Amino acid sequence: MTIDMLYSKIHRATVTDANLNYVGSITIDEELMTASSLRVGQKVEIVNVNNGERFATYVIKGKAGSKDMCLNGAAARKVEIGDKIIVIAYASYNEKELENYKPIVVLVDEKNNVTTITNELIGSDHV
């Protein structure tokens, strides 16, 4: 048996752009991708803290250091520039893998600079 668990998340990133006329996806700064161990093409769930939208898309690599967090294509309609989002990736783990399970949680500031990388799940005191 496998269990789907949080693999990685970028917590409360700020949307920097919304490009309706792009093929689709979310563009994420390469440095944020590295910090969160996200891969190009990986399926992610996006949670918009401002309006409650929750949807899936895939990751494309943005320029390192750009602090990009851009929703593309139809997803651009689900955000506004400046919205806070959570980017979530899940993975399937077997019982043996869960013995050492540690998700990657990346906290960022208002400008999408990494402030903390932890393996702890974030509670209500980190909003």
# chains A, B, ... in the order shown; residues from 1 in each chain; ligands from 1
>>> closest_atom_pairs(of="range 1-42 of chain A", to="range 74-79 of chain A", cutoff="12 Å", atoms="only C-alpha atoms", output="CSV")
residue,atom,partner,partner_atom,distance
A:Thr14,CA,A:Val79,CA,10.3
A:Val15,CA,A:Val79,CA,7.6
A:Thr16,CA,A:Val79,CA,10.1
A:Asp17,CA,A:Ala76,CA,8.3
A:Ala18,CA,A:Ala76,CA,4.7
A:Asn19,CA,A:Ala76,CA,5.8
A:Leu20,CA,A:Ala76,CA,5.3
A:Asn21,CA,A:Ala74,CA,8.4
A:Tyr22,CA,A:Ala74,CA,8.5
A:Val23,CA,A:Ala74,CA,8.5
A:Gly24,CA,A:Ala74,CA,6.6
A:Ser25,CA,A:Ala75,CA,7.3
A:Ile26,CA,A:Ala75,CA,8.2
A:Thr27,CA,A:Ala76,CA,11.3
>>> select_by_dssp(residues="chain A", states="strand (DSSP E)", output="ChimeraX atom specification")
/A:2-14,17-19,25-29,43-48,54-62,69-72,84-94,104-108,114-118
>>> closest_residue(among="A:Asn119, A:Phe55, A:Gly73, A:Asn50", to="Asn100 in chain A", atoms="only C-alpha atoms")
A:Asn119
>>> closest_residue(among="A:Met5, A:Leu32, A:Leu38, A:Cys70", to="Ile85 in chain A", atoms="only C-alpha atoms")
A:Cys70
>>> select_by_dssp(residues="chain A", states="helix (DSSP H, G or I)", output="PDB file with all heavy atoms, in the first residue's frame")
ATOM      1  N   GLU A  30      13.780  29.538 -10.466  1.00  0.00           N
ATOM      2  CA  GLU A  30      14.599  28.337 -10.347  1.00  0.00           C
ATOM      3  C   GLU A  30      15.141  28.146  -8.928  1.00  0.00           C
ATOM      4  O   GLU A  30      15.229  27.011  -8.432  1.00  0.00           O
ATOM      5  CB  GLU A  30      15.759  28.388 -11.345  1.00  0.00           C
ATOM      6  CG  GLU A  30      16.633  27.152 -11.329  1.00  0.00           C
ATOM      7  CD  GLU A  30      17.753  27.209 -12.355  1.00  0.00           C
ATOM      8  OE1 GLU A  30      18.027  28.296 -12.908  1.00  0.00           O
ATOM      9  OE2 GLU A  30      18.353  26.151 -12.592  1.00  0.00           O
ATOM     10  N   GLU A  31      15.473  29.235  -8.235  1.00  0.00           N
ATOM     11  CA  GLU A  31      15.982  29.123  -6.863  1.00  0.00           C
ATOM     12  C   GLU A  31      14.905  28.578  -5.920  1.00  0.00           C
ATOM     13  O   GLU A  31      15.198  27.780  -5.028  1.00  0.00           O
ATOM     14  CB  GLU A  31      16.491  30.471  -6.364  1.00  0.00           C
ATOM     15  CG  GLU A  31      17.745  30.933  -7.081  1.00  0.00           C
ATOM     16  CD  GLU A  31      18.171  32.349  -6.715  1.00  0.00           C
ATOM     17  OE1 GLU A  31      17.494  33.008  -5.899  1.00  0.00           O
ATOM     18  OE2 GLU A  31      19.205  32.792  -7.252  1.00  0.00           O
ATOM     19  N   LEU A  32      13.664  29.005  -6.119  1.00  0.00           N
ATOM     20  CA  LEU A  32      12.563  28.480  -5.306  1.00  0.00           C
ATOM     21  C   LEU A  32      12.290  27.014  -5.647  1.00  0.00           C
ATOM     22  O   LEU A  32      11.954  26.216  -4.765  1.00  0.00           O
ATOM     23  CB  LEU A  32      11.300  29.310  -5.505  1.00  0.00           C
ATOM     24  CG  LEU A  32      11.319  30.712  -4.917  1.00  0.00           C
ATOM     25  CD1 LEU A  32      10.095  31.505  -5.361  1.00  0.00           C
ATOM     26  CD2 LEU A  32      11.400  30.661  -3.406  1.00  0.00           C
ATOM     27  N   MET A  33      12.431  26.664  -6.921  1.00  0.00           N
ATOM     28  CA  MET A  33      12.278  25.265  -7.315  1.00  0.00           C
ATOM     29  C   MET A  33      13.317  24.393  -6.618  1.00  0.00           C
ATOM     30  O   MET A  33      13.001  23.329  -6.099  1.00  0.00           O
ATOM     31  CB  MET A  33      12.398  25.109  -8.831  1.00  0.00           C
ATOM     32  CG  MET A  33      11.207  25.629  -9.601  1.00  0.00           C
ATOM     33  SD  MET A  33      11.414  25.432 -11.390  1.00  0.00           S
ATOM     34  CE  MET A  33      11.582  23.639 -11.529  1.00  0.00           C
ATOM     35  N   THR A  34      14.553  24.861  -6.597  1.00  0.00           N
ATOM     36  CA  THR A  34      15.627  24.103  -5.954  1.00  0.00           C
ATOM     37  C   THR A  34      15.363  23.968  -4.459  1.00  0.00           C
ATOM     38  O   THR A  34      15.469  22.875  -3.897  1.00  0.00           O
ATOM     39  CB  THR A  34      16.986  24.778  -6.209  1.00  0.00           C
ATOM     40  OG1 THR A  34      17.222  24.806  -7.622  1.00  0.00           O
ATOM     41  CG2 THR A  34      18.112  24.040  -5.514  1.00  0.00           C
ATOM     42  N   ALA A  35      15.001  25.068  -3.814  1.00  0.00           N
ATOM     43  CA  ALA A  35      14.748  25.055  -2.368  1.00  0.00           C
ATOM     44  C   ALA A  35      13.634  24.076  -2.007  1.00  0.00           C
ATOM     45  O   ALA A  35      13.678  23.424  -0.956  1.00  0.00           O
ATOM     46  CB  ALA A  35      14.397  26.460  -1.881  1.00  0.00           C
ATOM     47  N   SER A  36      12.636  23.965  -2.871  1.00  0.00           N
ATOM     48  CA  SER A  36      11.479  23.117  -2.596  1.00  0.00           C
ATOM     49  C   SER A  36      11.555  21.751  -3.281  1.00  0.00           C
ATOM     50  O   SER A  36      10.625  20.949  -3.167  1.00  0.00           O
ATOM     51  CB  SER A  36      10.196  23.829  -3.024  1.00  0.00           C
ATOM     52  OG  SER A  36      10.247  24.149  -4.400  1.00  0.00           O
ATOM     53  N   GLY A  73      -1.824  30.733 -18.700  1.00  0.00           N
ATOM     54  CA  GLY A  73      -2.972  30.107 -19.339  1.00  0.00           C
ATOM     55  C   GLY A  73      -4.233  30.311 -18.523  1.00  0.00           C
ATOM     56  O   GLY A  73      -4.416  31.340 -17.870  1.00  0.00           O
ATOM     57  N   ALA A  74      -5.111  29.310 -18.531  1.00  0.00           N
ATOM     58  CA  ALA A  74      -6.399  29.421 -17.840  1.00  0.00           C
ATOM     59  C   ALA A  74      -6.235  29.704 -16.353  1.00  0.00           C
ATOM     60  O   ALA A  74      -7.063  30.389 -15.742  1.00  0.00           O
ATOM     61  CB  ALA A  74      -7.203  28.141 -18.044  1.00  0.00           C
ATOM     62  N   ALA A  75      -5.156  29.218 -15.742  1.00  0.00           N
ATOM     63  CA  ALA A  75      -4.914  29.452 -14.313  1.00  0.00           C
ATOM     64  C   ALA A  75      -4.759  30.935 -13.993  1.00  0.00           C
ATOM     65  O   ALA A  75      -4.998  31.356 -12.861  1.00  0.00           O
ATOM     66  CB  ALA A  75      -3.675  28.685 -13.863  1.00  0.00           C
ATOM     67  N   ALA A  76      -4.386  31.730 -14.989  1.00  0.00           N
ATOM     68  CA  ALA A  76      -4.231  33.169 -14.779  1.00  0.00           C
ATOM     69  C   ALA A  76      -5.547  33.809 -14.345  1.00  0.00           C
ATOM     70  O   ALA A  76      -5.547  34.855 -13.689  1.00  0.00           O
ATOM     71  CB  ALA A  76      -3.705  33.839 -16.049  1.00  0.00           C
ATOM     72  N   ARG A  77      -6.662  33.200 -14.704  1.00  0.00           N
ATOM     73  CA  ARG A  77      -7.977  33.725 -14.319  1.00  0.00           C
ATOM     74  C   ARG A  77      -8.307  33.466 -12.847  1.00  0.00           C
ATOM     75  O   ARG A  77      -9.243  34.016 -12.310  1.00  0.00           O
ATOM     76  CB  ARG A  77      -9.061  33.110 -15.184  1.00  0.00           C
ATOM     77  CG  ARG A  77      -8.953  33.516 -16.628  1.00  0.00           C
ATOM     78  CD  ARG A  77     -10.321  33.747 -17.204  1.00  0.00           C
ATOM     79  NE  ARG A  77     -10.275  34.014 -18.626  1.00  0.00           N
ATOM     80  CZ  ARG A  77     -10.285  35.235 -19.137  1.00  0.00           C
ATOM     81  NH1 ARG A  77     -10.316  36.284 -18.355  1.00  0.00           N
ATOM     82  NH2 ARG A  77     -10.253  35.410 -20.444  1.00  0.00           N
ATOM     83  N   LYS A  78      -7.529  32.614 -12.196  1.00  0.00           N
ATOM     84  CA  LYS A  78      -7.821  32.226 -10.823  1.00  0.00           C
ATOM     85  C   LYS A  78      -7.012  33.009  -9.791  1.00  0.00           C
ATOM     86  O   LYS A  78      -7.138  32.769  -8.585  1.00  0.00           O
ATOM     87  CB  LYS A  78      -7.581  30.732 -10.646  1.00  0.00           C
ATOM     88  CG  LYS A  78      -8.508  29.912 -11.541  1.00  0.00           C
ATOM     89  CD  LYS A  78      -8.481  28.463 -11.190  1.00  0.00           C
ATOM     90  CE  LYS A  78      -9.476  27.670 -11.986  1.00  0.00           C
ATOM     91  NZ  LYS A  78     -10.836  27.798 -11.505  1.00  0.00           N
ATOM     92  N   GLU A  95       4.992   2.170   3.291  1.00  0.00           N
ATOM     93  CA  GLU A  95       5.152   2.159   4.756  1.00  0.00           C
ATOM     94  C   GLU A  95       6.613   2.321   5.170  1.00  0.00           C
ATOM     95  O   GLU A  95       6.921   3.036   6.116  1.00  0.00           O
ATOM     96  CB  GLU A  95       4.580   0.866   5.341  1.00  0.00           C
ATOM     97  CG  GLU A  95       3.083   0.740   5.199  1.00  0.00           C
ATOM     98  CD  GLU A  95       2.306   1.731   6.048  1.00  0.00           C
ATOM     99  OE1 GLU A  95       2.807   2.174   7.098  1.00  0.00           O
ATOM    100  OE2 GLU A  95       1.177   2.062   5.649  1.00  0.00           O
ATOM    101  N   LYS A  96       7.519   1.672   4.477  1.00  0.00           N
ATOM    102  CA  LYS A  96       8.950   1.764   4.802  1.00  0.00           C
ATOM    103  C   LYS A  96       9.456   3.193   4.608  1.00  0.00           C
ATOM    104  O   LYS A  96      10.198   3.714   5.450  1.00  0.00           O
ATOM    105  CB  LYS A  96       9.732   0.774   3.931  1.00  0.00           C
ATOM    106  CG  LYS A  96      11.194   0.720   4.227  1.00  0.00           C
ATOM    107  CD  LYS A  96      11.453   0.067   5.555  1.00  0.00           C
ATOM    108  CE  LYS A  96      12.945  -0.106   5.764  1.00  0.00           C
ATOM    109  NZ  LYS A  96      13.281  -0.387   7.150  1.00  0.00           N
ATOM    110  N   GLU A  97       9.081   3.825   3.512  1.00  0.00           N
ATOM    111  CA  GLU A  97       9.512   5.205   3.247  1.00  0.00           C
ATOM    112  C   GLU A  97       8.963   6.176   4.283  1.00  0.00           C
ATOM    113  O   GLU A  97       9.605   7.174   4.623  1.00  0.00           O
ATOM    114  CB  GLU A  97       9.056   5.641   1.849  1.00  0.00           C
ATOM    115  CG  GLU A  97       9.762   4.918   0.731  1.00  0.00           C
ATOM    116  CD  GLU A  97       9.121   5.153  -0.626  1.00  0.00           C
ATOM    117  OE1 GLU A  97       7.881   5.196  -0.709  1.00  0.00           O
ATOM    118  OE2 GLU A  97       9.880   5.285  -1.603  1.00  0.00           O
ATOM    119  N   LEU A  98       7.795   5.888   4.818  1.00  0.00           N
ATOM    120  CA  LEU A  98       7.180   6.785   5.801  1.00  0.00           C
ATOM    121  C   LEU A  98       7.899   6.771   7.150  1.00  0.00           C
ATOM    122  O   LEU A  98       7.729   7.686   7.953  1.00  0.00           O
ATOM    123  CB  LEU A  98       5.704   6.446   5.986  1.00  0.00           C
ATOM    124  CG  LEU A  98       4.814   6.876   4.824  1.00  0.00           C
ATOM    125  CD1 LEU A  98       3.410   6.331   4.997  1.00  0.00           C
ATOM    126  CD2 LEU A  98       4.797   8.389   4.682  1.00  0.00           C
ATOM    127  N   SER A 124      -1.191  27.098  12.461  1.00  0.00           N
ATOM    128  CA  SER A 124      -1.876  28.392  12.358  1.00  0.00           C
ATOM    129  C   SER A 124      -1.048  29.560  12.878  1.00  0.00           C
ATOM    130  O   SER A 124      -1.373  30.703  12.614  1.00  0.00           O
ATOM    131  CB  SER A 124      -3.208  28.340  13.109  1.00  0.00           C
ATOM    132  OG  SER A 124      -2.977  28.054  14.474  1.00  0.00           O
ATOM    133  N   ASP A 125       0.017  29.295  13.600  1.00  0.00           N
ATOM    134  CA  ASP A 125       0.836  30.395  14.110  1.00  0.00           C
ATOM    135  C   ASP A 125       1.814  30.930  13.072  1.00  0.00           C
ATOM    136  O   ASP A 125       2.582  31.829  13.339  1.00  0.00           O
ATOM    137  CB  ASP A 125       1.611  29.950  15.364  1.00  0.00           C
ATOM    138  CG  ASP A 125       2.505  28.753  15.131  1.00  0.00           C
ATOM    139  OD1 ASP A 125       2.191  27.936  14.233  1.00  0.00           O
ATOM    140  OD2 ASP A 125       3.506  28.595  15.849  1.00  0.00           O
ATOM    141  N   HIS A 126       1.762  30.418  11.828  1.00  0.00           N
ATOM    142  CA  HIS A 126       2.658  30.870  10.758  1.00  0.00           C
ATOM    143  C   HIS A 126       1.894  31.457   9.584  1.00  0.00           C
ATOM    144  O   HIS A 126       2.238  31.233   8.434  1.00  0.00           O
ATOM    145  CB  HIS A 126       3.509  29.702  10.253  1.00  0.00           C
ATOM    146  CG  HIS A 126       4.577  29.308  11.195  1.00  0.00           C
ATOM    147  ND1 HIS A 126       4.348  28.430  12.216  1.00  0.00           N
ATOM    148  CD2 HIS A 126       5.862  29.687  11.306  1.00  0.00           C
ATOM    149  CE1 HIS A 126       5.464  28.254  12.895  1.00  0.00           C
ATOM    150  NE2 HIS A 126       6.396  29.008  12.362  1.00  0.00           N
TER     151      HIS A 126
END
>>> residues_around(residues="Ala89 in chain A", least_positions_apart="6", cutoff="10 Å", atoms="only C-alpha atoms", output="ChimeraX atom specification")
/A:5-10,36-38,42-46,56,58,103-104
>>> closest_residue(among="A:Glu99, A:Asp83, A:Glu120, A:Glu110", to="Asn48 in chain A", atoms="only C-alpha atoms")
A:Asp83
>>> closest_residue(among="A:Val40, A:Met1, A:Val87, A:Ala13", to="Asp109 in chain A", atoms="only C-alpha atoms")
A:Ala13
>>> atom_distance(atom1="CA of Ile81 in chain A", atom2="CA of Val106 in chain A")
20.4 Å
>>> atom_distance(atom1="CA of Gly62 in chain A", atom2="CA of Val114 in chain A")
15.4 Å
>>> atom_distance(atom1="CA of Val108 in chain A", atom2="CA of Ile28 in chain A")
12.8 Å
>>> decode(residues="range 73-89 of chain A", atoms="all heavy atoms", output="PDB file, in the first residue's frame")
ATOM      1  N   GLY A  73      -1.824  30.733 -18.700  1.00  0.00           N
ATOM      2  CA  GLY A  73      -2.972  30.107 -19.339  1.00  0.00           C
ATOM      3  C   GLY A  73      -4.233  30.311 -18.523  1.00  0.00           C
ATOM      4  O   GLY A  73      -4.416  31.340 -17.870  1.00  0.00           O
ATOM      5  N   ALA A  74      -5.111  29.310 -18.531  1.00  0.00           N
ATOM      6  CA  ALA A  74      -6.399  29.421 -17.840  1.00  0.00           C
ATOM      7  C   ALA A  74      -6.235  29.704 -16.353  1.00  0.00           C
ATOM      8  O   ALA A  74      -7.063  30.389 -15.742  1.00  0.00           O
ATOM      9  CB  ALA A  74      -7.203  28.141 -18.044  1.00  0.00           C
ATOM     10  N   ALA A  75      -5.156  29.218 -15.742  1.00  0.00           N
ATOM     11  CA  ALA A  75      -4.914  29.452 -14.313  1.00  0.00           C
ATOM     12  C   ALA A  75      -4.759  30.935 -13.993  1.00  0.00           C
ATOM     13  O   ALA A  75      -4.998  31.356 -12.861  1.00  0.00           O
ATOM     14  CB  ALA A  75      -3.675  28.685 -13.863  1.00  0.00           C
ATOM     15  N   ALA A  76      -4.386  31.730 -14.989  1.00  0.00           N
ATOM     16  CA  ALA A  76      -4.231  33.169 -14.779  1.00  0.00           C
ATOM     17  C   ALA A  76      -5.547  33.809 -14.345  1.00  0.00           C
ATOM     18  O   ALA A  76      -5.547  34.855 -13.689  1.00  0.00           O
ATOM     19  CB  ALA A  76      -3.705  33.839 -16.049  1.00  0.00           C
ATOM     20  N   ARG A  77      -6.662  33.200 -14.704  1.00  0.00           N
ATOM     21  CA  ARG A  77      -7.977  33.725 -14.319  1.00  0.00           C
ATOM     22  C   ARG A  77      -8.307  33.466 -12.847  1.00  0.00           C
ATOM     23  O   ARG A  77      -9.243  34.016 -12.310  1.00  0.00           O
ATOM     24  CB  ARG A  77      -9.061  33.110 -15.184  1.00  0.00           C
ATOM     25  CG  ARG A  77      -8.953  33.516 -16.628  1.00  0.00           C
ATOM     26  CD  ARG A  77     -10.321  33.747 -17.204  1.00  0.00           C
ATOM     27  NE  ARG A  77     -10.275  34.014 -18.626  1.00  0.00           N
ATOM     28  CZ  ARG A  77     -10.285  35.235 -19.137  1.00  0.00           C
ATOM     29  NH1 ARG A  77     -10.316  36.284 -18.355  1.00  0.00           N
ATOM     30  NH2 ARG A  77     -10.253  35.410 -20.444  1.00  0.00           N
ATOM     31  N   LYS A  78      -7.529  32.614 -12.196  1.00  0.00           N
ATOM     32  CA  LYS A  78      -7.821  32.226 -10.823  1.00  0.00           C
ATOM     33  C   LYS A  78      -7.012  33.009  -9.791  1.00  0.00           C
ATOM     34  O   LYS A  78      -7.138  32.769  -8.585  1.00  0.00           O
ATOM     35  CB  LYS A  78      -7.581  30.732 -10.646  1.00  0.00           C
ATOM     36  CG  LYS A  78      -8.508  29.912 -11.541  1.00  0.00           C
ATOM     37  CD  LYS A  78      -8.481  28.463 -11.190  1.00  0.00           C
ATOM     38  CE  LYS A  78      -9.476  27.670 -11.986  1.00  0.00           C
ATOM     39  NZ  LYS A  78     -10.836  27.798 -11.505  1.00  0.00           N
ATOM     40  N   VAL A  79      -6.177  33.946 -10.263  1.00  0.00           N
ATOM     41  CA  VAL A  79      -5.342  34.743  -9.357  1.00  0.00           C
ATOM     42  C   VAL A  79      -5.324  36.202  -9.801  1.00  0.00           C
ATOM     43  O   VAL A  79      -5.658  36.522 -10.938  1.00  0.00           O
ATOM     44  CB  VAL A  79      -3.883  34.228  -9.315  1.00  0.00           C
ATOM     45  CG1 VAL A  79      -3.800  32.800  -8.800  1.00  0.00           C
ATOM     46  CG2 VAL A  79      -3.216  34.356 -10.672  1.00  0.00           C
ATOM     47  N   GLU A  80      -4.896  37.032  -8.897  1.00  0.00           N
ATOM     48  CA  GLU A  80      -4.580  38.431  -9.174  1.00  0.00           C
ATOM     49  C   GLU A  80      -3.136  38.655  -8.762  1.00  0.00           C
ATOM     50  O   GLU A  80      -2.651  38.025  -7.801  1.00  0.00           O
ATOM     51  CB  GLU A  80      -5.481  39.369  -8.366  1.00  0.00           C
ATOM     52  CG  GLU A  80      -6.955  39.270  -8.674  1.00  0.00           C
ATOM     53  CD  GLU A  80      -7.324  39.852 -10.024  1.00  0.00           C
ATOM     54  OE1 GLU A  80      -6.625  40.777 -10.493  1.00  0.00           O
ATOM     55  OE2 GLU A  80      -8.311  39.385 -10.606  1.00  0.00           O
ATOM     56  N   ILE A  81      -2.435  39.509  -9.464  1.00  0.00           N
ATOM     57  CA  ILE A  81      -1.076  39.860  -9.060  1.00  0.00           C
ATOM     58  C   ILE A  81      -1.136  40.378  -7.627  1.00  0.00           C
ATOM     59  O   ILE A  81      -1.993  41.185  -7.286  1.00  0.00           O
ATOM     60  CB  ILE A  81      -0.458  40.889 -10.016  1.00  0.00           C
ATOM     61  CG1 ILE A  81      -0.282  40.260 -11.404  1.00  0.00           C
ATOM     62  CG2 ILE A  81       0.878  41.413  -9.486  1.00  0.00           C
ATOM     63  CD1 ILE A  81       0.110  41.221 -12.502  1.00  0.00           C
ATOM     64  N   GLY A  82      -0.247  39.868  -6.787  1.00  0.00           N
ATOM     65  CA  GLY A  82      -0.216  40.238  -5.378  1.00  0.00           C
ATOM     66  C   GLY A  82      -0.903  39.235  -4.462  1.00  0.00           C
ATOM     67  O   GLY A  82      -0.718  39.286  -3.249  1.00  0.00           O
ATOM     68  N   ASP A  83      -1.706  38.313  -5.030  1.00  0.00           N
ATOM     69  CA  ASP A  83      -2.343  37.283  -4.211  1.00  0.00           C
ATOM     70  C   ASP A  83      -1.288  36.409  -3.545  1.00  0.00           C
ATOM     71  O   ASP A  83      -0.197  36.196  -4.078  1.00  0.00           O
ATOM     72  CB  ASP A  83      -3.237  36.368  -5.060  1.00  0.00           C
ATOM     73  CG  ASP A  83      -4.588  36.984  -5.392  1.00  0.00           C
ATOM     74  OD1 ASP A  83      -4.880  38.109  -4.932  1.00  0.00           O
ATOM     75  OD2 ASP A  83      -5.357  36.320  -6.128  1.00  0.00           O
ATOM     76  N   LYS A  84      -1.644  35.868  -2.395  1.00  0.00           N
ATOM     77  CA  LYS A  84      -0.812  34.887  -1.697  1.00  0.00           C
ATOM     78  C   LYS A  84      -1.272  33.504  -2.112  1.00  0.00           C
ATOM     79  O   LYS A  84      -2.471  33.198  -2.096  1.00  0.00           O
ATOM     80  CB  LYS A  84      -0.947  35.032  -0.181  1.00  0.00           C
ATOM     81  CG  LYS A  84      -0.408  36.332   0.354  1.00  0.00           C
ATOM     82  CD  LYS A  84       1.072  36.370   0.182  1.00  0.00           C
ATOM     83  CE  LYS A  84       1.648  37.656   0.751  1.00  0.00           C
ATOM     84  NZ  LYS A  84       3.034  37.812   0.395  1.00  0.00           N
ATOM     85  N   ILE A  85      -0.312  32.662  -2.491  1.00  0.00           N
ATOM     86  CA  ILE A  85      -0.631  31.294  -2.885  1.00  0.00           C
ATOM     87  C   ILE A  85       0.260  30.314  -2.131  1.00  0.00           C
ATOM     88  O   ILE A  85       1.324  30.680  -1.634  1.00  0.00           O
ATOM     89  CB  ILE A  85      -0.491  31.067  -4.405  1.00  0.00           C
ATOM     90  CG1 ILE A  85       0.932  31.345  -4.883  1.00  0.00           C
ATOM     91  CG2 ILE A  85      -1.518  31.884  -5.179  1.00  0.00           C
ATOM     92  CD1 ILE A  85       1.203  30.932  -6.324  1.00  0.00           C
ATOM     93  N   ILE A  86      -0.217  29.082  -2.076  1.00  0.00           N
ATOM     94  CA  ILE A  86       0.579  27.975  -1.568  1.00  0.00           C
ATOM     95  C   ILE A  86       0.731  26.991  -2.714  1.00  0.00           C
ATOM     96  O   ILE A  86      -0.265  26.620  -3.352  1.00  0.00           O
ATOM     97  CB  ILE A  86      -0.097  27.308  -0.354  1.00  0.00           C
ATOM     98  CG1 ILE A  86      -0.350  28.354   0.736  1.00  0.00           C
ATOM     99  CG2 ILE A  86       0.762  26.157   0.176  1.00  0.00           C
ATOM    100  CD1 ILE A  86      -1.237  27.868   1.866  1.00  0.00           C
ATOM    101  N   VAL A  87       1.963  26.632  -3.019  1.00  0.00           N
ATOM    102  CA  VAL A  87       2.258  25.671  -4.085  1.00  0.00           C
ATOM    103  C   VAL A  87       2.549  24.345  -3.393  1.00  0.00           C
ATOM    104  O   VAL A  87       3.470  24.256  -2.582  1.00  0.00           O
ATOM    105  CB  VAL A  87       3.468  26.124  -4.929  1.00  0.00           C
ATOM    106  CG1 VAL A  87       3.774  25.105  -6.017  1.00  0.00           C
ATOM    107  CG2 VAL A  87       3.235  27.511  -5.521  1.00  0.00           C
ATOM    108  N   ILE A  88       1.745  23.317  -3.694  1.00  0.00           N
ATOM    109  CA  ILE A  88       1.826  22.043  -2.987  1.00  0.00           C
ATOM    110  C   ILE A  88       2.101  20.911  -3.970  1.00  0.00           C
ATOM    111  O   ILE A  88       1.447  20.808  -5.005  1.00  0.00           O
ATOM    112  CB  ILE A  88       0.493  21.735  -2.269  1.00  0.00           C
ATOM    113  CG1 ILE A  88       0.110  22.890  -1.340  1.00  0.00           C
ATOM    114  CG2 ILE A  88       0.581  20.416  -1.506  1.00  0.00           C
ATOM    115  CD1 ILE A  88      -1.325  22.788  -0.820  1.00  0.00           C
ATOM    116  N   ALA A  89       3.065  20.063  -3.599  1.00  0.00           N
ATOM    117  CA  ALA A  89       3.336  18.840  -4.363  1.00  0.00           C
ATOM    118  C   ALA A  89       3.168  17.654  -3.428  1.00  0.00           C
ATOM    119  O   ALA A  89       3.559  17.704  -2.255  1.00  0.00           O
ATOM    120  CB  ALA A  89       4.746  18.858  -4.937  1.00  0.00           C
TER     121      ALA A  89
END
